[in-house]
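A.B. asks: Quick one: this structure, given as C-alpha cells, is what I'll be asking you about.
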Amino acid sequence: MGRKNKTYFKDLHQQAYDKLVSMQAFGESKRAAAAAGKDKEKIFSFNTYQTYWKHTKYFLQYMKENHSECTTLKSARKYVNEWLQVRADQGLSAWTVQVEAKALGKLYGISPGDEGYFTPPKRRREDITRSRGDRVRDKHFSEANNDELIKFCKGTGLRRSELAALRGGDLMARAQIDQELAQLEKVPAEQLTPQEVRRVEVLRDTKLFREEYFVYVRNGKGGRERLSPIIGKNAGQIVERIQSTPVGAIVWQHVHQSADIHSYRSDYATAIYKAHAREIKEIPFDRISKGTGRRYQSQVYTCRKDEAGKKLDKTAMLVCSKALGHNRINVVADNYIRGL
C-alpha cells in the first residue's frame, strides 16, 4: 500500500521549494495585500522569488553540511541566525547578507521587527564596489563595439531584465499618451478597472517630463509598468532603433554580460536629476519646526552617513525615481545620483 501522507518524506530542499512556490502571487497588488495584512505570506515578483530561492538554497546546503540531523524546515529554523552570522563573517557585503536575511525571513515568516531577527551589517555607500573603478570583466568588454548599446542604456535607464524584454512597439510618443489619457479621463473614476486606474497613474507620470518619446516598460521591478523618458543627444537614434524593430520582436537580441548596466542607469538618473533640480538656495523655507520654531525647507532632502550634509531637491528626486521605476526617493540618493 502507498503511504497516505508523504509530506514528511520530502527533503529540506523540496519542503523549502514547495513553501516558496505556494507564496507566489505574481501580478497581484502588494498594496491590497498589505492592507489586508497578507503581504508577509506572498511574493509578488518573479525576480524576487528567484532571488529568495537562490539564497535559500545556500542555507539548505549549509544545513546539509553542518546539521544533517535536521530533516524539516521547522527544525532548521533555529539555525537561521547562525547561518547569517557565518555569511557575515565570510566577508560578504552588507547588501548580500541583508538579502539573505530577507529570503529566510520570507521562508519562515520572520519580520525585521520580530524578537531575535538577525541584525545584518549596516549598508554604507563607501562599501559599494559595483560600477566603481575598473573590474576584471571590463577587460572583456569593448565600449567601441558596444557603443550603440551604451548610448541606448544611458538614454533610457532600463534594467538588464527590462532591456532584454524590450520589444518593437514598446515606444510611445507624447501625442499618443495625451490621447489615451484623455479617453480614460472621460470615464468616471468609479467605473475604471484596477488596471485602468494604474494605467492612468502611469500616463499622468509622464507630465513630469519634458521629453517627446517614452519607452514602455510593461514588467519592471515588482511587476510594475512605467513609461521612462528617452533623454539625451542620442534620443533620435534610440527611437529609430525601437521603431525599426518589428512589433513583438526583441530590440536587443544580445546584451553583453559584462555591460555595466547599473552604471548606465546611474548616468541616466544623474542627468534627469540635473535637468529638473532647482538651486537649493532657491527652494523656499515653507515649514516651521514644532521643536525649534525655525523655518525649514520641506522640499530639501538632506543626505546622511558618508554623504552627510549634501542637500538635494526632493521634487527632482521624485521625477528621477519615477523614471527609474522606484517608489522611494532615498533609493535615488543612495544608489544612483553621483558627482553632484
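Residue numbering restarts at 1 for every chain of the C-alpha cells, chains are lettered A, B, ... in their displayed order, and ligands are numbered from 1 as they appear.
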Fewer than 5 positions away in the same chain doesn't count, so skip those; otherwise give me all residues within 12 Å of Phe152 in chain A, counting only C-alpha atoms, as a ChimeraX atom specification.

C.D. replies: /A:146-147,157-160,163,166,215,229-242,251-252,255,259,261,264-265,267-268

A.B. asks: Could you write out that same residue set with C-alpha atoms as a compact mmCIF listing (two decimals), in the first residue's frame?

C.D. replies:
# COMPACT_ATOMS: atom_id res chain seq x y z
CA ASN A 146 29.02 48.21 -27.86
CA ASP A 147 28.70 51.94 -28.45
CA GLY A 157 17.80 53.90 -17.88
CA LEU A 158 16.49 50.36 -18.33
CA ARG A 159 17.49 47.49 -16.07
CA ARG A 160 19.17 44.49 -17.69
CA LEU A 163 16.42 45.74 -21.75
CA LEU A 166 12.11 45.27 -24.72
CA VAL A 215 9.98 53.61 -23.53
CA PRO A 229 11.54 59.22 -20.94
CA ILE A 230 14.18 58.87 -23.65
CA ILE A 231 16.76 61.55 -22.92
CA GLY A 232 20.00 62.98 -24.23
CA LYS A 233 21.60 63.80 -27.55
CA ASN A 234 21.18 60.21 -28.78
CA ALA A 235 17.39 60.15 -28.28
CA GLY A 236 16.76 60.13 -32.04
CA GLN A 237 18.99 57.11 -32.54
CA ILE A 238 17.25 55.27 -29.69
CA VAL A 239 13.78 55.99 -31.06
CA GLU A 240 14.86 54.84 -34.52
CA ARG A 241 16.20 51.57 -33.09
CA ILE A 242 12.86 50.73 -31.47
CA VAL A 251 15.04 45.02 -29.75
CA TRP A 252 18.32 43.72 -28.31
CA VAL A 255 23.10 42.20 -24.14
CA ALA A 259 27.98 45.64 -19.78
CA ILE A 261 24.06 48.37 -16.76
CA TYR A 264 24.50 53.47 -17.17
CA ARG A 265 21.31 53.72 -15.09
CA ASP A 267 24.30 58.22 -15.56
CA TYR A 268 20.66 58.37 -16.70

A.B. asks: Would you mind writing down, as a ChimeraX atom specification, each residue of range 119-315 of chain A that DSSP on the backbone assigns to alpha helix (DSSP H)?

C.D. replies: /A:147-156,160-165,174-185,194-205,235-243,261-276,314-315

A.B. asks: Under the rule that only C-alpha atoms are counted, which of A:Ile288, A:Phe46, A:Ala277, A:Asn145 is the nearest residue to Val300 in chain A?

C.D. replies: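 For Val300 in chain A, the nearest of the candidates is A:Ala277.
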
A.B. asks: To one decimal place in Å, what is the distance between CA of Gly169 in chain A and CA of Val247 in chain A?

C.D. replies: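 Rounded to one decimal, the two atoms are 4.9 Å apart.
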
A.B. asks: Find the residues around Thr51 in chain A up to 9 Å (only C-alpha atoms counted), leave out those fewer than 4 positions away in its own chain, and share them as a ChimeraX atom specification.

C.D. replies: /A:46-47,55-56,99-100,103

A.B. asks: Convert the current residue selection to file output with C-alpha atoms, as a short mmCIF file (atom, residue, chain, number, x, y, z; two decimals), in the first residue's frame.

C.D. replies:
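Output contents, as saved in part-v9.cif:
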data_model
loop_
_atom_site.label_atom_id
_atom_site.label_comp_id
_atom_site.auth_asym_id
_atom_site.auth_seq_id
_atom_site.Cartn_x
_atom_site.Cartn_y
_atom_site.Cartn_z
CA PHE A 46 9.11 36.61 -10.16
CA ASN A 47 12.54 38.21 -9.86
CA HIS A 55 19.76 32.38 -1.32
CA THR A 56 17.52 29.84 0.40
CA VAL A 99 19.08 39.89 1.03
CA GLU A 100 19.71 36.51 2.62
CA ALA A 103 14.92 35.50 1.93
#

A.B. asks: For Val331 in chain A, which residue among A:Ala16, A:Ala269, A:Ile283, A:Ala173 is the nearest when counting only C-alpha atoms?

C.D. replies: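 When distances to Val331 in chain A are compared using only C-alpha atoms, the smallest one comes from A:Ala269.
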
A.B. asks: Would you return as a list of chain:residue names the members of range 213-295 of chain A that DSSP assigns to strand (DSSP E) on this structure's backbone?

C.D. replies: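 Matching residues, listed in order: A:Tyr213, A:Phe214, A:Val215, A:Tyr216, A:Val217, A:Arg226, A:Leu227, A:Ser228, A:Pro229, A:Arg287, A:Ile288, A:Arg295.
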
A.B. asks: Could you save those same residues with N, CA and C atoms as a PDB file, in the first residue's frame?

C.D. replies:
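Now in again06.pdb:
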ATOM      1  N   TYR A 213       9.457  61.342 -26.404  1.00  0.00           N
ATOM      2  CA  TYR A 213       9.255  59.901 -26.549  1.00  0.00           C
ATOM      3  C   TYR A 213       9.563  59.165 -25.243  1.00  0.00           C
ATOM      4  N   PHE A 214       8.837  58.046 -25.044  1.00  0.00           N
ATOM      5  CA  PHE A 214       8.979  57.256 -23.827  1.00  0.00           C
ATOM      6  C   PHE A 214       9.069  55.767 -24.167  1.00  0.00           C
ATOM      7  N   VAL A 215       9.900  55.066 -23.405  1.00  0.00           N
ATOM      8  CA  VAL A 215       9.978  53.609 -23.526  1.00  0.00           C
ATOM      9  C   VAL A 215       8.933  53.012 -22.595  1.00  0.00           C
ATOM     10  N   TYR A 216       8.171  52.069 -23.109  1.00  0.00           N
ATOM     11  CA  TYR A 216       7.150  51.419 -22.285  1.00  0.00           C
ATOM     12  C   TYR A 216       7.744  50.164 -21.645  1.00  0.00           C
ATOM     13  N   VAL A 217       7.802  50.165 -20.326  1.00  0.00           N
ATOM     14  CA  VAL A 217       8.281  49.006 -19.565  1.00  0.00           C
ATOM     15  C   VAL A 217       7.054  48.328 -18.963  1.00  0.00           C
ATOM     16  N   ARG A 226       5.727  51.135 -16.411  1.00  0.00           N
ATOM     17  CA  ARG A 226       6.036  52.561 -16.377  1.00  0.00           C
ATOM     18  C   ARG A 226       6.384  53.035 -17.778  1.00  0.00           C
ATOM     19  N   LEU A 227       6.439  54.320 -17.940  1.00  0.00           N
ATOM     20  CA  LEU A 227       6.899  54.952 -19.167  1.00  0.00           C
ATOM     21  C   LEU A 227       8.116  55.790 -18.809  1.00  0.00           C
ATOM     22  N   SER A 228       9.284  55.397 -19.295  1.00  0.00           N
ATOM     23  CA  SER A 228      10.520  56.109 -18.987  1.00  0.00           C
ATOM     24  C   SER A 228      10.907  57.016 -20.142  1.00  0.00           C
ATOM     25  N   PRO A 229      11.198  58.282 -19.868  1.00  0.00           N
ATOM     26  CA  PRO A 229      11.543  59.215 -20.944  1.00  0.00           C
ATOM     27  C   PRO A 229      12.867  58.853 -21.609  1.00  0.00           C
ATOM     28  N   ARG A 287       8.161  75.586   5.887  1.00  0.00           N
ATOM     29  CA  ARG A 287       7.606  74.921   7.070  1.00  0.00           C
ATOM     30  C   ARG A 287       8.281  75.451   8.339  1.00  0.00           C
ATOM     31  N   ILE A 288       7.602  75.239   9.460  1.00  0.00           N
ATOM     32  CA  ILE A 288       8.159  75.644  10.750  1.00  0.00           C
ATOM     33  C   ILE A 288       8.300  74.418  11.643  1.00  0.00           C
ATOM     34  N   ARG A 295      12.085  78.049  10.687  1.00  0.00           N
ATOM     35  CA  ARG A 295      11.588  77.686   9.369  1.00  0.00           C
ATOM     36  C   ARG A 295      12.582  76.749   8.683  1.00  0.00           C
TER      37      ARG A 295
END

A.B. asks: Nearest to Ile337 in chain A: which of A:Ala271, A:Val80, A:Thr315, A:Ala323 is it, counting only C-alpha atoms?

C.D. replies: A:Ala271

A.B. asks: Which residues come within 9 Å of range 109-118 of chain A, counting only C-alpha atoms, excluding same-chain residues fewer than 6 positions away, as a PDB file with N, CA and C atoms, in the first residue's frame?

C.D. replies:
ATOM      1  N   LYS A  40       2.898  39.430   4.024  1.00  0.00           N
ATOM      2  CA  LYS A  40       4.009  38.607   4.517  1.00  0.00           C
ATOM      3  C   LYS A  40       3.934  37.182   3.999  1.00  0.00           C
ATOM      4  N   GLU A  41       2.762  36.784   3.552  1.00  0.00           N
ATOM      5  CA  GLU A  41       2.550  35.419   3.092  1.00  0.00           C
ATOM      6  C   GLU A  41       2.745  35.264   1.592  1.00  0.00           C
ATOM      7  N   VAL A  80      18.925  29.638  11.558  1.00  0.00           N
ATOM      8  CA  VAL A  80      18.892  30.751  10.596  1.00  0.00           C
ATOM      9  C   VAL A  80      19.912  31.823  10.974  1.00  0.00           C
ATOM     10  N   ASN A  81      19.878  32.283  12.213  1.00  0.00           N
ATOM     11  CA  ASN A  81      20.799  33.348  12.622  1.00  0.00           C
ATOM     12  C   ASN A  81      22.247  32.880  12.606  1.00  0.00           C
ATOM     13  N   LEU A  84      23.343  33.160   8.998  1.00  0.00           N
ATOM     14  CA  LEU A  84      23.541  34.548   8.580  1.00  0.00           C
ATOM     15  C   LEU A  84      24.810  35.141   9.192  1.00  0.00           C
ATOM     16  N   GLN A  85      25.116  34.748  10.406  1.00  0.00           N
ATOM     17  CA  GLN A  85      26.345  35.230  11.036  1.00  0.00           C
ATOM     18  C   GLN A  85      27.569  34.652  10.335  1.00  0.00           C
ATOM     19  N   ALA A 101      18.946  37.559   4.693  1.00  0.00           N
ATOM     20  CA  ALA A 101      18.081  37.680   5.863  1.00  0.00           C
ATOM     21  C   ALA A 101      16.618  37.832   5.434  1.00  0.00           C
ATOM     22  N   LYS A 102      16.390  38.578   4.381  1.00  0.00           N
ATOM     23  CA  LYS A 102      15.027  38.773   3.878  1.00  0.00           C
ATOM     24  C   LYS A 102      14.486  37.480   3.269  1.00  0.00           C
TER      25      LYS A 102
END

A.B. asks: Can you measure CA of Val21 in chain A to CA of Trp83 in chain A for me? One decimal in Å is fine.

C.D. replies: 22.6 Å

A.B. asks: Could you please determine the separation between CA of Gly339 in chain A and CA of Ile150 in chain A in Å, to one decimal place?

C.D. replies: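 CA of Ile150 in chain A lies at a distance of 19.3 Å from CA of Gly339 in chain A.
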